[in-house]
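Participant: Coordinates in model_24.csv, CSV, C-alpha atoms, are listed below.
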chain,number,residue,atom,x,y,z
T,30,MET,CA,17.8,-27.2,3.1
T,31,SER,CA,15.0,-27.6,5.7
T,32,VAL,CA,17.2,-26.2,8.4
T,33,LEU,CA,18.0,-23.2,6.2
T,34,ALA,CA,14.3,-22.6,5.5
T,35,ASP,CA,13.6,-22.9,9.3
T,36,LEU,CA,16.3,-20.4,10.1
T,37,PHE,CA,15.0,-18.0,7.4
T,38,SER,CA,11.4,-18.3,8.8
T,39,LEU,CA,12.7,-17.8,12.3
T,40,ALA,CA,14.7,-14.7,11.3
T,41,ALA,CA,11.9,-13.1,9.2
T,42,VAL,CA,9.1,-13.8,11.7
T,43,GLY,CA,11.4,-12.5,14.6
T,44,ALA,CA,12.1,-9.3,12.6
T,45,GLY,CA,8.3,-9.0,11.9
T,46,VAL,CA,7.6,-9.3,15.7
T,47,PHE,CA,10.2,-6.6,16.4
T,48,PHE,CA,8.5,-4.1,14.1
T,49,PHE,CA,5.1,-4.9,15.7
T,50,ILE,CA,6.6,-4.1,19.1
T,51,ALA,CA,8.2,-0.9,17.7
T,52,GLY,CA,4.8,0.1,16.2
T,53,THR,CA,3.2,-0.4,19.6
T,54,ALA,CA,6.0,1.5,21.3
T,55,GLY,CA,5.2,4.4,18.9
T,56,LEU,CA,1.5,4.1,19.6
T,57,LEU,CA,2.3,4.6,23.3
T,58,ARG,CA,5.1,7.1,23.1
T,59,PHE,CA,4.3,9.4,20.2
T,60,PRO,CA,2.7,12.7,21.3
T,61,ASP,CA,-0.6,12.9,19.3
T,62,SER,CA,-3.0,10.9,17.2
T,63,LEU,CA,-1.5,11.9,13.8
T,64,THR,CA,2.0,10.8,14.7
T,65,ARG,CA,0.6,7.6,16.3
T,66,LEU,CA,-1.0,6.8,12.9
T,67,HIS,CA,2.4,6.9,11.3
T,68,ALA,CA,3.7,4.3,13.9
T,69,LEU,CA,0.8,2.0,13.4
T,70,SER,CA,0.5,2.2,9.6
T,71,LYS,CA,4.2,1.9,8.7
T,72,ALA,CA,5.8,-0.3,11.4
T,73,ASP,CA,2.9,-2.8,11.4
T,74,ASN,CA,2.8,-3.1,7.6
T,75,LEU,CA,6.5,-3.9,7.6
T,76,GLY,CA,6.0,-6.3,10.5
T,77,LEU,CA,3.2,-8.2,8.8
T,78,GLY,CA,5.2,-8.2,5.5
T,79,LEU,CA,8.2,-9.9,7.3
T,80,VAL,CA,5.9,-12.4,9.1
T,81,VAL,CA,4.4,-13.3,5.7
T,82,LEU,CA,7.8,-13.6,4.2
T,83,GLY,CA,8.9,-16.0,6.9
T,84,LEU,CA,5.8,-18.1,6.5
T,85,ILE,CA,6.0,-18.5,2.7
T,86,PRO,CA,8.6,-21.3,2.8
T,87,ARG,CA,6.3,-23.2,5.2
T,88,ALA,CA,3.2,-22.9,2.9
T,89,GLU,CA,1.8,-26.2,1.6
T,90,ASN,CA,1.6,-25.2,-2.0
T,91,PRO,CA,2.2,-22.1,-4.2
T,92,LEU,CA,-1.5,-21.1,-4.0
T,93,ALA,CA,-1.3,-21.1,-0.2
T,94,ALA,CA,1.9,-18.9,-0.4
T,95,LEU,CA,0.1,-16.5,-2.7
T,96,LYS,CA,-2.8,-16.4,-0.3
T,97,LEU,CA,-0.4,-15.1,2.4
T,98,VAL,CA,0.8,-12.4,0.0
T,99,VAL,CA,-2.8,-11.4,-0.8
T,100,VAL,CA,-3.6,-11.2,2.9
T,101,TRP,CA,-0.6,-8.9,3.4
T,102,ALA,CA,-1.6,-6.7,0.4
T,103,LEU,CA,-5.2,-6.4,1.6
T,104,VAL,CA,-4.1,-5.4,5.1
T,105,LEU,CA,-1.6,-2.9,3.5
T,106,LEU,CA,-4.3,-1.3,1.3
T,107,SER,CA,-7.0,-1.2,4.0
T,108,GLY,CA,-4.5,0.1,6.6
T,109,ALA,CA,-3.2,2.9,4.3
T,110,SER,CA,-6.7,3.9,3.3
T,111,THR,CA,-8.0,4.0,6.9
T,112,ALA,CA,-4.9,5.9,8.1
T,113,GLN,CA,-5.6,8.6,5.5
T,114,LEU,CA,-9.3,8.8,6.4
T,115,ILE,CA,-8.6,9.1,10.1
T,116,GLY,CA,-5.8,11.6,9.3
T,117,ARG,CA,-8.3,13.8,7.3
T,118,VAL,CA,-10.8,13.8,10.2
T,119,LEU,CA,-8.1,14.7,12.7
T,120,ARG,CA,-6.8,17.5,10.5
T,121,ARG,CA,-10.3,19.0,10.0
T,122,GLY,CA,-10.9,18.7,13.8
T,123,ARG,CA,-7.8,20.9,14.3
T,124,GLU,CA,-8.9,23.6,11.8
S,9,MET,CA,-6.2,0.0,-32.2
S,10,SER,CA,-6.8,3.2,-30.4
S,11,SER,CA,-10.6,3.0,-30.5
S,12,GLY,CA,-12.3,2.8,-27.1
S,13,ALA,CA,-14.4,-0.3,-27.5
S,14,PRO,CA,-11.8,-3.0,-28.3
S,15,HIS,CA,-9.6,-1.5,-25.5
S,16,ARG,CA,-12.4,-1.7,-23.0
S,17,LYS,CA,-13.3,-5.2,-24.0
S,18,ARG,CA,-9.7,-6.5,-23.6
S,19,PHE,CA,-9.5,-4.7,-20.3
S,20,SER,CA,-12.7,-6.4,-19.1
S,21,TRP,CA,-11.2,-9.9,-19.9
S,22,ALA,CA,-8.1,-9.0,-18.0
S,23,ARG,CA,-10.2,-8.0,-15.0
S,24,LEU,CA,-12.3,-11.1,-15.2
S,25,ALA,CA,-9.1,-13.2,-15.3
S,26,PHE,CA,-7.8,-11.2,-12.3
S,27,PHE,CA,-10.9,-11.8,-10.2
S,28,PHE,CA,-11.0,-15.5,-11.1
S,29,LEU,CA,-7.3,-15.9,-10.1
S,30,PHE,CA,-8.0,-13.9,-6.9
S,31,TRP,CA,-10.9,-16.3,-6.0
S,32,LEU,CA,-8.7,-19.3,-6.7
S,33,VAL,CA,-6.0,-17.9,-4.4
S,34,ILE,CA,-8.6,-17.3,-1.6
S,35,ALA,CA,-10.7,-20.5,-1.9
S,36,GLY,CA,-8.0,-22.9,-3.1
S,37,TRP,CA,-8.0,-25.3,-6.1
S,38,SER,CA,-10.9,-27.7,-6.3
S,39,ALA,CA,-12.4,-28.8,-9.7
S,40,ARG,CA,-15.9,-29.1,-8.2
S,41,ASP,CA,-15.9,-25.5,-7.0
S,42,ILE,CA,-14.8,-23.9,-10.3
S,43,PRO,CA,-18.4,-22.9,-11.4
S,44,VAL,CA,-18.8,-21.1,-8.2
S,45,GLY,CA,-15.5,-19.3,-8.7
S,46,ALA,CA,-16.5,-18.4,-12.3
S,47,LEU,CA,-19.8,-16.9,-11.1
S,48,ALA,CA,-18.1,-15.0,-8.3
S,49,ALA,CA,-15.6,-13.6,-10.8
S,50,VAL,CA,-18.4,-12.4,-13.2
S,51,ALA,CA,-20.3,-10.8,-10.2
S,52,ALA,CA,-17.0,-9.1,-9.1
S,53,LEU,CA,-16.4,-7.9,-12.7
S,54,TRP,CA,-19.9,-6.4,-12.9
S,55,VAL,CA,-19.5,-4.6,-9.6
S,56,SER,CA,-16.1,-3.3,-10.5
S,57,GLN,CA,-17.3,-2.0,-13.9
S,58,LYS,CA,-20.1,-0.1,-12.1
S,59,LEU,CA,-17.8,1.4,-9.4
S,60,LEU,CA,-14.6,1.9,-11.4
S,61,PRO,CA,-15.2,2.0,-15.2
S,62,SER,CA,-12.2,1.4,-17.4
S,63,ALA,CA,-10.3,4.7,-17.7
S,64,GLY,CA,-8.1,3.5,-20.4
S,65,ALA,CA,-4.8,4.2,-18.5
S,66,ARG,CA,-1.8,3.0,-20.5
S,67,VAL,CA,0.2,1.3,-17.7
S,68,ARG,CA,3.8,0.9,-18.8
S,69,ALA,CA,5.8,-2.1,-17.5
S,70,GLY,CA,9.2,-0.4,-17.2
S,71,PRO,CA,8.3,2.7,-15.2
S,72,LEU,CA,5.8,0.6,-13.2
S,73,PHE,CA,8.6,-1.8,-12.2
S,74,VAL,CA,10.7,1.2,-11.1
S,75,LEU,CA,7.8,2.5,-9.1
S,76,ALA,CA,7.1,-0.9,-7.5
S,77,VAL,CA,10.8,-1.2,-6.4
S,78,ARG,CA,10.8,2.3,-5.0
S,79,LEU,CA,7.6,1.6,-3.1
S,80,LEU,CA,8.9,-1.6,-1.6
S,81,ARG,CA,12.1,0.1,-0.6
S,82,GLY,CA,10.2,3.1,0.7
S,83,SER,CA,7.9,0.9,2.7
S,84,LEU,CA,10.9,-0.9,4.3
S,85,ALA,CA,12.6,2.5,5.0
S,86,ALA,CA,9.3,3.8,6.5
S,87,GLY,CA,9.0,0.9,8.9
S,88,VAL,CA,12.7,1.2,10.0
S,89,ASP,CA,12.4,5.0,10.3
S,90,VAL,CA,9.3,4.8,12.6
S,91,ALA,CA,10.8,2.0,14.7
S,92,ARG,CA,14.0,4.1,15.2
S,93,ARG,CA,12.0,7.1,16.3
S,94,ALA,CA,9.7,5.1,18.5
S,95,LEU,CA,12.5,3.2,20.3
S,96,SER,CA,15.0,6.1,20.7
S,97,PRO,CA,15.3,7.3,24.3
S,98,ARG,CA,13.5,10.5,23.4
S,99,PRO,CA,11.2,10.2,20.3
S,100,ASP,CA,13.0,12.2,17.6
S,101,LEU,CA,10.0,14.0,16.0
S,102,LEU,CA,9.2,17.4,14.4
S,103,PRO,CA,5.7,16.8,13.2
S,104,GLY,CA,3.5,19.1,11.2
S,105,PHE,CA,1.6,19.6,7.9
S,106,VAL,CA,3.2,20.4,4.5
S,107,ALA,CA,1.1,21.6,1.5
S,108,CYS,CA,2.4,19.7,-1.5
S,109,PRO,CA,1.3,20.9,-5.0
S,110,LEU,CA,-0.5,18.1,-6.9
S,111,THR,CA,-0.6,18.0,-10.7
S,112,LEU,CA,-2.6,14.8,-10.9
S,113,PRO,CA,-6.3,15.6,-11.6
S,114,GLN,CA,-9.0,14.7,-9.0
S,115,GLY,CA,-10.0,11.1,-9.5
S,116,ALA,CA,-8.9,7.5,-9.1
S,117,ALA,CA,-5.2,8.1,-10.2
S,118,ARG,CA,-4.8,10.8,-7.5
S,119,ASP,CA,-6.4,8.6,-4.8
S,120,VAL,CA,-4.1,5.7,-5.7
S,121,PHE,CA,-1.0,8.0,-5.6
S,122,CYS,CA,-2.0,9.4,-2.2
S,123,LEU,CA,-2.6,5.9,-0.9
S,124,LEU,CA,0.9,4.8,-2.0
S,125,GLN,CA,2.4,7.9,-0.5
S,126,SER,CA,1.1,7.0,2.9
S,127,LEU,CA,3.4,4.0,2.7
S,128,MET,CA,6.5,6.1,2.3
S,129,PRO,CA,8.8,7.2,5.1
S,130,GLY,CA,7.4,10.0,7.4
S,131,THR,CA,4.5,11.1,5.2
S,132,LEU,CA,0.8,10.7,5.5
S,133,PRO,CA,-1.5,12.5,3.0
S,134,THR,CA,-4.6,13.7,4.8
S,135,GLY,CA,-6.7,14.9,1.8
S,136,ALA,CA,-6.3,17.4,-1.0
S,137,GLU,CA,-7.6,21.0,-1.3
S,138,GLU,CA,-7.2,23.5,-4.1
S,139,GLY,CA,-4.7,21.4,-6.0
S,140,ARG,CA,-2.5,20.8,-3.0
S,141,ALA,CA,-2.1,17.6,-0.9
S,142,LEU,CA,-2.0,18.3,2.8
S,143,VAL,CA,0.6,15.9,4.0
S,144,HIS,CA,1.3,15.2,7.6
S,145,GLY,CA,5.1,14.7,8.2
S,146,LEU,CA,6.8,13.1,11.1
S,147,ASP,CA,9.9,15.3,10.6
S,148,LEU,CA,9.6,18.7,8.9
S,149,SER,CA,13.3,18.9,8.5
S,150,GLN,CA,13.1,16.3,5.7
S,151,PRO,CA,12.5,17.5,2.1
S,152,ILE,CA,8.8,16.2,2.2
S,153,ALA,CA,7.5,18.4,-0.6
S,154,ALA,CA,10.4,17.7,-3.0
S,155,ASN,CA,10.1,13.9,-2.4
S,156,PHE,CA,6.4,14.1,-2.9
S,157,ALA,CA,6.8,15.9,-6.3
S,158,ALA,CA,9.5,13.4,-7.4
S,159,GLU,CA,7.2,10.5,-6.5
S,160,GLU,CA,4.3,12.1,-8.4
S,161,ALA,CA,6.4,12.4,-11.5
S,162,LEU,CA,7.4,8.7,-11.3
S,163,PHE,CA,3.8,7.7,-10.7
S,164,LYS,CA,2.6,9.7,-13.7
S,165,GLY,CA,5.3,8.1,-15.9
S,166,ALA,CA,4.1,4.6,-14.7
S,167,ILE,CA,0.5,5.2,-15.6
S,168,GLY,CA,1.4,6.9,-18.9
S,169,ASP,CA,0.0,10.3,-17.9
S,170,GLU,CA,2.8,12.8,-18.8
Would it be possible to restate this file's structure as structure tokens?
Facilitator:
Amino acid sequence: MSVLADLFSLAAVGAGVFFFIAGTAGLLRFPDSLTRLHALSKADNLGLGLVVLGLIPRAENPLAALKLVVVWALVLLSGASTAQLIGRVLRRGRE
Amino acid sequence: MSSGAPHRKRFSWARLAFFFLFWLVIAGWSARDIPVGALAAVAALWVSQKLLPSAGARVRAGPLFVLAVRLLRGSLAAGVDVARRALSPRPDLLPGFVACPLTLPQGAARDVFCLLQSLMPGTLPTGAEEGRALVHGLDLSQPIAANFAAEEALFKGAIGDE
């Protein structure tokens, strides 16, 4: 059971790291600030979600596991809000 | 049952419980610290009632569950979609703005909907003007406006605003 949990953690955290790398690739390769915002907000959110998913089986107790989920949710909400605000400023700058 | 006062009172208790549980999750369980948590929850409730008074939205569990599943699936698809475009030999993009009609009135519900839409594949709302959301899309060949309208209908169903 412990080996299975370790394998699950390894796979989920590995997948999370992959999406962080993909988000960074988008940041470097996409042509303008608005498209780069997509890369950062979406790929990194998924990456963090997968890292959290992988760490949940290693949490000391259910409250600690819930804390990880809360951290992910807060990052998700703040990232999505900030991306919209930056997007609005960029759009107005183009007008 | 439908009068405003009892509804608001019940909602306040729900908020208080939410803030206390939230504090418990962040700070961890310790019997000695419970009074601090209770005070923090009351303070958070007071601030939240000032900033976001109870609007009396009738959230419905069934449609809300469907919306949550769609959002999770959309969030996953969005990450995969961006990763594919970012890592392809030549980034596969056709970016631009799409004006999507909005039927949600200006306010918290519209803000929450736009926030959730920014988690969906290839779309990033960048504000609303004259009843239209100005959505930045990564690929304009996708049916961005149609998807946006379908998501809005689902969202309105989930918050009981139909």
Participant: Counting all atoms listed in the file, which residues from chain T have an atom at most 10 Å from any atom of chain S, and could you show them as a ChimeraX atom specification?
Facilitator: /T:47-61,63-76,78-79,90-100,105-121
Participant: Pull C-alpha atoms from the residues just selected and write them as a PDB file, in the coordinates of the input.
Facilitator:
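Done, and the output landed in part08.pdb:
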ATOM      1  CA  PHE T  47      10.200  -6.600  16.400  1.00  0.00           C
ATOM      2  CA  PHE T  48       8.500  -4.100  14.100  1.00  0.00           C
ATOM      3  CA  PHE T  49       5.100  -4.900  15.700  1.00  0.00           C
ATOM      4  CA  ILE T  50       6.600  -4.100  19.100  1.00  0.00           C
ATOM      5  CA  ALA T  51       8.200  -0.900  17.700  1.00  0.00           C
ATOM      6  CA  GLY T  52       4.800   0.100  16.200  1.00  0.00           C
ATOM      7  CA  THR T  53       3.200  -0.400  19.600  1.00  0.00           C
ATOM      8  CA  ALA T  54       6.000   1.500  21.300  1.00  0.00           C
ATOM      9  CA  GLY T  55       5.200   4.400  18.900  1.00  0.00           C
ATOM     10  CA  LEU T  56       1.500   4.100  19.600  1.00  0.00           C
ATOM     11  CA  LEU T  57       2.300   4.600  23.300  1.00  0.00           C
ATOM     12  CA  ARG T  58       5.100   7.100  23.100  1.00  0.00           C
ATOM     13  CA  PHE T  59       4.300   9.400  20.200  1.00  0.00           C
ATOM     14  CA  PRO T  60       2.700  12.700  21.300  1.00  0.00           C
ATOM     15  CA  ASP T  61      -0.600  12.900  19.300  1.00  0.00           C
ATOM     16  CA  LEU T  63      -1.500  11.900  13.800  1.00  0.00           C
ATOM     17  CA  THR T  64       2.000  10.800  14.700  1.00  0.00           C
ATOM     18  CA  ARG T  65       0.600   7.600  16.300  1.00  0.00           C
ATOM     19  CA  LEU T  66      -1.000   6.800  12.900  1.00  0.00           C
ATOM     20  CA  HIS T  67       2.400   6.900  11.300  1.00  0.00           C
ATOM     21  CA  ALA T  68       3.700   4.300  13.900  1.00  0.00           C
ATOM     22  CA  LEU T  69       0.800   2.000  13.400  1.00  0.00           C
ATOM     23  CA  SER T  70       0.500   2.200   9.600  1.00  0.00           C
ATOM     24  CA  LYS T  71       4.200   1.900   8.700  1.00  0.00           C
ATOM     25  CA  ALA T  72       5.800  -0.300  11.400  1.00  0.00           C
ATOM     26  CA  ASP T  73       2.900  -2.800  11.400  1.00  0.00           C
ATOM     27  CA  ASN T  74       2.800  -3.100   7.600  1.00  0.00           C
ATOM     28  CA  LEU T  75       6.500  -3.900   7.600  1.00  0.00           C
ATOM     29  CA  GLY T  76       6.000  -6.300  10.500  1.00  0.00           C
ATOM     30  CA  GLY T  78       5.200  -8.200   5.500  1.00  0.00           C
ATOM     31  CA  LEU T  79       8.200  -9.900   7.300  1.00  0.00           C
ATOM     32  CA  ASN T  90       1.600 -25.200  -2.000  1.00  0.00           C
ATOM     33  CA  PRO T  91       2.200 -22.100  -4.200  1.00  0.00           C
ATOM     34  CA  LEU T  92      -1.500 -21.100  -4.000  1.00  0.00           C
ATOM     35  CA  ALA T  93      -1.300 -21.100  -0.200  1.00  0.00           C
ATOM     36  CA  ALA T  94       1.900 -18.900  -0.400  1.00  0.00           C
ATOM     37  CA  LEU T  95       0.100 -16.500  -2.700  1.00  0.00           C
ATOM     38  CA  LYS T  96      -2.800 -16.400  -0.300  1.00  0.00           C
ATOM     39  CA  LEU T  97      -0.400 -15.100   2.400  1.00  0.00           C
ATOM     40  CA  VAL T  98       0.800 -12.400   0.000  1.00  0.00           C
ATOM     41  CA  VAL T  99      -2.800 -11.400  -0.800  1.00  0.00           C
ATOM     42  CA  VAL T 100      -3.600 -11.200   2.900  1.00  0.00           C
ATOM     43  CA  LEU T 105      -1.600  -2.900   3.500  1.00  0.00           C
ATOM     44  CA  LEU T 106      -4.300  -1.300   1.300  1.00  0.00           C
ATOM     45  CA  SER T 107      -7.000  -1.200   4.000  1.00  0.00           C
ATOM     46  CA  GLY T 108      -4.500   0.100   6.600  1.00  0.00           C
ATOM     47  CA  ALA T 109      -3.200   2.900   4.300  1.00  0.00           C
ATOM     48  CA  SER T 110      -6.700   3.900   3.300  1.00  0.00           C
ATOM     49  CA  THR T 111      -8.000   4.000   6.900  1.00  0.00           C
ATOM     50  CA  ALA T 112      -4.900   5.900   8.100  1.00  0.00           C
ATOM     51  CA  GLN T 113      -5.600   8.600   5.500  1.00  0.00           C
ATOM     52  CA  LEU T 114      -9.300   8.800   6.400  1.00  0.00           C
ATOM     53  CA  ILE T 115      -8.600   9.100  10.100  1.00  0.00           C
ATOM     54  CA  GLY T 116      -5.800  11.600   9.300  1.00  0.00           C
ATOM     55  CA  ARG T 117      -8.300  13.800   7.300  1.00  0.00           C
ATOM     56  CA  VAL T 118     -10.800  13.800  10.200  1.00  0.00           C
ATOM     57  CA  LEU T 119      -8.100  14.700  12.700  1.00  0.00           C
ATOM     58  CA  ARG T 120      -6.800  17.500  10.500  1.00  0.00           C
ATOM     59  CA  ARG T 121     -10.300  19.000  10.000  1.00  0.00           C
TER      60      ARG T 121
END
Participant: Expressed in Å to a single decimal, how great is the separation between CA of Ser38 in chain T and CA of Leu84 in chain T?
Facilitator: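 Between CA of Ser38 in chain T and CA of Leu84 in chain T the gap works out to 6.1 Å.
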Participant: Using all atoms listed in the file, determine which residues lie at most 10 Å from Leu72 in chain S, disregarding the query and same-chain residues fewer than 6 positions distant; provide the list as a list in words.
Facilitator: Arg78, Leu162, Phe163, Lys164, Gly165, Ala166, Ile167 and Gly168 of chain S
Participant: Mind giving me the straight-line distance from CA of Glu124 in chain T to CA of Gly139 in chain S in Å, one decimal?
Facilitator: 18.4 Å
Participant: CA of Gly45 in chain T and CA of Val80 in chain T are how many Å apart?
Facilitator: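 Calculated distance between CA of Gly45 in chain T and CA of Val80 in chain T is 5.0 Å.
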Participant: Taking N, CA and C atoms as the atom set, what does range 64-94 of chain S look like once completed, written as a PDB file, keeping the file's coordinate frame?
Facilitator:
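Result saved to part-v6.pdb:
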ATOM      1  N   GLY S  64      -8.950   3.552 -19.291  1.00  0.00           N
ATOM      2  CA  GLY S  64      -8.100   3.500 -20.400  1.00  0.00           C
ATOM      3  C   GLY S  64      -6.626   3.940 -20.140  1.00  0.00           C
ATOM      4  N   ALA S  65      -6.190   3.811 -18.853  1.00  0.00           N
ATOM      5  CA  ALA S  65      -4.800   4.200 -18.500  1.00  0.00           C
ATOM      6  C   ALA S  65      -3.833   3.272 -19.224  1.00  0.00           C
ATOM      7  N   ARG S  66      -2.774   3.866 -19.783  1.00  0.00           N
ATOM      8  CA  ARG S  66      -1.800   3.000 -20.500  1.00  0.00           C
ATOM      9  C   ARG S  66      -0.634   2.748 -19.514  1.00  0.00           C
ATOM     10  N   VAL S  67      -0.824   1.684 -18.730  1.00  0.00           N
ATOM     11  CA  VAL S  67       0.200   1.300 -17.700  1.00  0.00           C
ATOM     12  C   VAL S  67       1.418   0.788 -18.479  1.00  0.00           C
ATOM     13  N   ARG S  68       2.596   1.302 -18.102  1.00  0.00           N
ATOM     14  CA  ARG S  68       3.800   0.900 -18.800  1.00  0.00           C
ATOM     15  C   ARG S  68       4.696   0.069 -17.839  1.00  0.00           C
ATOM     16  N   ALA S  69       5.123  -1.078 -18.351  1.00  0.00           N
ATOM     17  CA  ALA S  69       5.800  -2.100 -17.500  1.00  0.00           C
ATOM     18  C   ALA S  69       7.072  -1.537 -16.874  1.00  0.00           C
ATOM     19  N   GLY S  70       7.934  -0.908 -17.664  1.00  0.00           N
ATOM     20  CA  GLY S  70       9.200  -0.400 -17.200  1.00  0.00           C
ATOM     21  C   GLY S  70       9.096   0.531 -16.014  1.00  0.00           C
ATOM     22  N   PRO S  71       8.441   1.695 -16.258  1.00  0.00           N
ATOM     23  CA  PRO S  71       8.300   2.700 -15.200  1.00  0.00           C
ATOM     24  C   PRO S  71       7.484   2.088 -13.990  1.00  0.00           C
ATOM     25  N   LEU S  72       6.535   1.169 -14.276  1.00  0.00           N
ATOM     26  CA  LEU S  72       5.800   0.600 -13.200  1.00  0.00           C
ATOM     27  C   LEU S  72       6.656  -0.278 -12.297  1.00  0.00           C
ATOM     28  N   PHE S  73       7.611  -0.985 -12.914  1.00  0.00           N
ATOM     29  CA  PHE S  73       8.600  -1.800 -12.200  1.00  0.00           C
ATOM     30  C   PHE S  73       9.426  -0.902 -11.265  1.00  0.00           C
ATOM     31  N   VAL S  74       9.916   0.210 -11.859  1.00  0.00           N
ATOM     32  CA  VAL S  74      10.700   1.200 -11.100  1.00  0.00           C
ATOM     33  C   VAL S  74       9.941   1.678  -9.899  1.00  0.00           C
ATOM     34  N   LEU S  75       8.659   2.027 -10.149  1.00  0.00           N
ATOM     35  CA  LEU S  75       7.800   2.500  -9.100  1.00  0.00           C
ATOM     36  C   LEU S  75       7.576   1.487  -8.001  1.00  0.00           C
ATOM     37  N   ALA S  76       7.348   0.226  -8.421  1.00  0.00           N
ATOM     38  CA  ALA S  76       7.100  -0.900  -7.500  1.00  0.00           C
ATOM     39  C   ALA S  76       8.333  -1.065  -6.568  1.00  0.00           C
ATOM     40  N   VAL S  77       9.534  -1.037  -7.181  1.00  0.00           N
ATOM     41  CA  VAL S  77      10.800  -1.200  -6.400  1.00  0.00           C
ATOM     42  C   VAL S  77      10.932  -0.078  -5.412  1.00  0.00           C
ATOM     43  N   ARG S  78      10.670   1.162  -5.884  1.00  0.00           N
ATOM     44  CA  ARG S  78      10.800   2.300  -5.000  1.00  0.00           C
ATOM     45  C   ARG S  78       9.794   2.245  -3.853  1.00  0.00           C
ATOM     46  N   LEU S  79       8.583   1.757  -4.142  1.00  0.00           N
ATOM     47  CA  LEU S  79       7.600   1.600  -3.100  1.00  0.00           C
ATOM     48  C   LEU S  79       7.958   0.612  -2.041  1.00  0.00           C
ATOM     49  N   LEU S  80       8.479  -0.522  -2.525  1.00  0.00           N
ATOM     50  CA  LEU S  80       8.900  -1.600  -1.600  1.00  0.00           C
ATOM     51  C   LEU S  80      10.035  -1.064  -0.708  1.00  0.00           C
ATOM     52  N   ARG S  81      11.004  -0.398  -1.372  1.00  0.00           N
ATOM     53  CA  ARG S  81      12.100   0.100  -0.600  1.00  0.00           C
ATOM     54  C   ARG S  81      11.658   1.222   0.347  1.00  0.00           C
ATOM     55  N   GLY S  82      10.735   2.076  -0.126  1.00  0.00           N
ATOM     56  CA  GLY S  82      10.200   3.100   0.700  1.00  0.00           C
ATOM     57  C   GLY S  82       9.437   2.591   1.894  1.00  0.00           C
ATOM     58  N   SER S  83       8.664   1.518   1.661  1.00  0.00           N
ATOM     59  CA  SER S  83       7.900   0.900   2.700  1.00  0.00           C
ATOM     60  C   SER S  83       8.795   0.319   3.803  1.00  0.00           C
ATOM     61  N   LEU S  84       9.878  -0.300   3.353  1.00  0.00           N
ATOM     62  CA  LEU S  84      10.900  -0.900   4.300  1.00  0.00           C
ATOM     63  C   LEU S  84      11.519   0.279   5.081  1.00  0.00           C
ATOM     64  N   ALA S  85      11.935   1.343   4.354  1.00  0.00           N
ATOM     65  CA  ALA S  85      12.600   2.500   5.000  1.00  0.00           C
ATOM     66  C   ALA S  85      11.608   3.144   5.992  1.00  0.00           C
ATOM     67  N   ALA S  86      10.302   3.197   5.629  1.00  0.00           N
ATOM     68  CA  ALA S  86       9.300   3.800   6.500  1.00  0.00           C
ATOM     69  C   ALA S  86       9.178   3.085   7.815  1.00  0.00           C
ATOM     70  N   GLY S  87       9.146   1.743   7.737  1.00  0.00           N
ATOM     71  CA  GLY S  87       9.000   0.900   8.900  1.00  0.00           C
ATOM     72  C   GLY S  87      10.249   1.097   9.838  1.00  0.00           C
ATOM     73  N   VAL S  88      11.438   1.082   9.219  1.00  0.00           N
ATOM     74  CA  VAL S  88      12.700   1.200  10.000  1.00  0.00           C
ATOM     75  C   VAL S  88      12.735   2.610  10.625  1.00  0.00           C
ATOM     76  N   ASP S  89      12.333   3.633   9.851  1.00  0.00           N
ATOM     77  CA  ASP S  89      12.400   5.000  10.300  1.00  0.00           C
ATOM     78  C   ASP S  89      11.452   5.200  11.551  1.00  0.00           C
ATOM     79  N   VAL S  90      10.226   4.686  11.447  1.00  0.00           N
ATOM     80  CA  VAL S  90       9.300   4.800  12.600  1.00  0.00           C
ATOM     81  C   VAL S  90       9.774   4.036  13.782  1.00  0.00           C
ATOM     82  N   ALA S  91      10.309   2.839  13.537  1.00  0.00           N
ATOM     83  CA  ALA S  91      10.800   2.000  14.700  1.00  0.00           C
ATOM     84  C   ALA S  91      11.943   2.734  15.372  1.00  0.00           C
ATOM     85  N   ARG S  92      12.852   3.335  14.582  1.00  0.00           N
ATOM     86  CA  ARG S  92      14.000   4.100  15.200  1.00  0.00           C
ATOM     87  C   ARG S  92      13.485   5.212  16.060  1.00  0.00           C
ATOM     88  N   ARG S  93      12.530   5.977  15.519  1.00  0.00           N
ATOM     89  CA  ARG S  93      12.000   7.100  16.300  1.00  0.00           C
ATOM     90  C   ARG S  93      11.242   6.657  17.517  1.00  0.00           C
ATOM     91  N   ALA S  94      10.498   5.566  17.375  1.00  0.00           N
ATOM     92  CA  ALA S  94       9.700   5.100  18.500  1.00  0.00           C
ATOM     93  C   ALA S  94      10.522   4.523  19.631  1.00  0.00           C
TER      94      ALA S  94
END
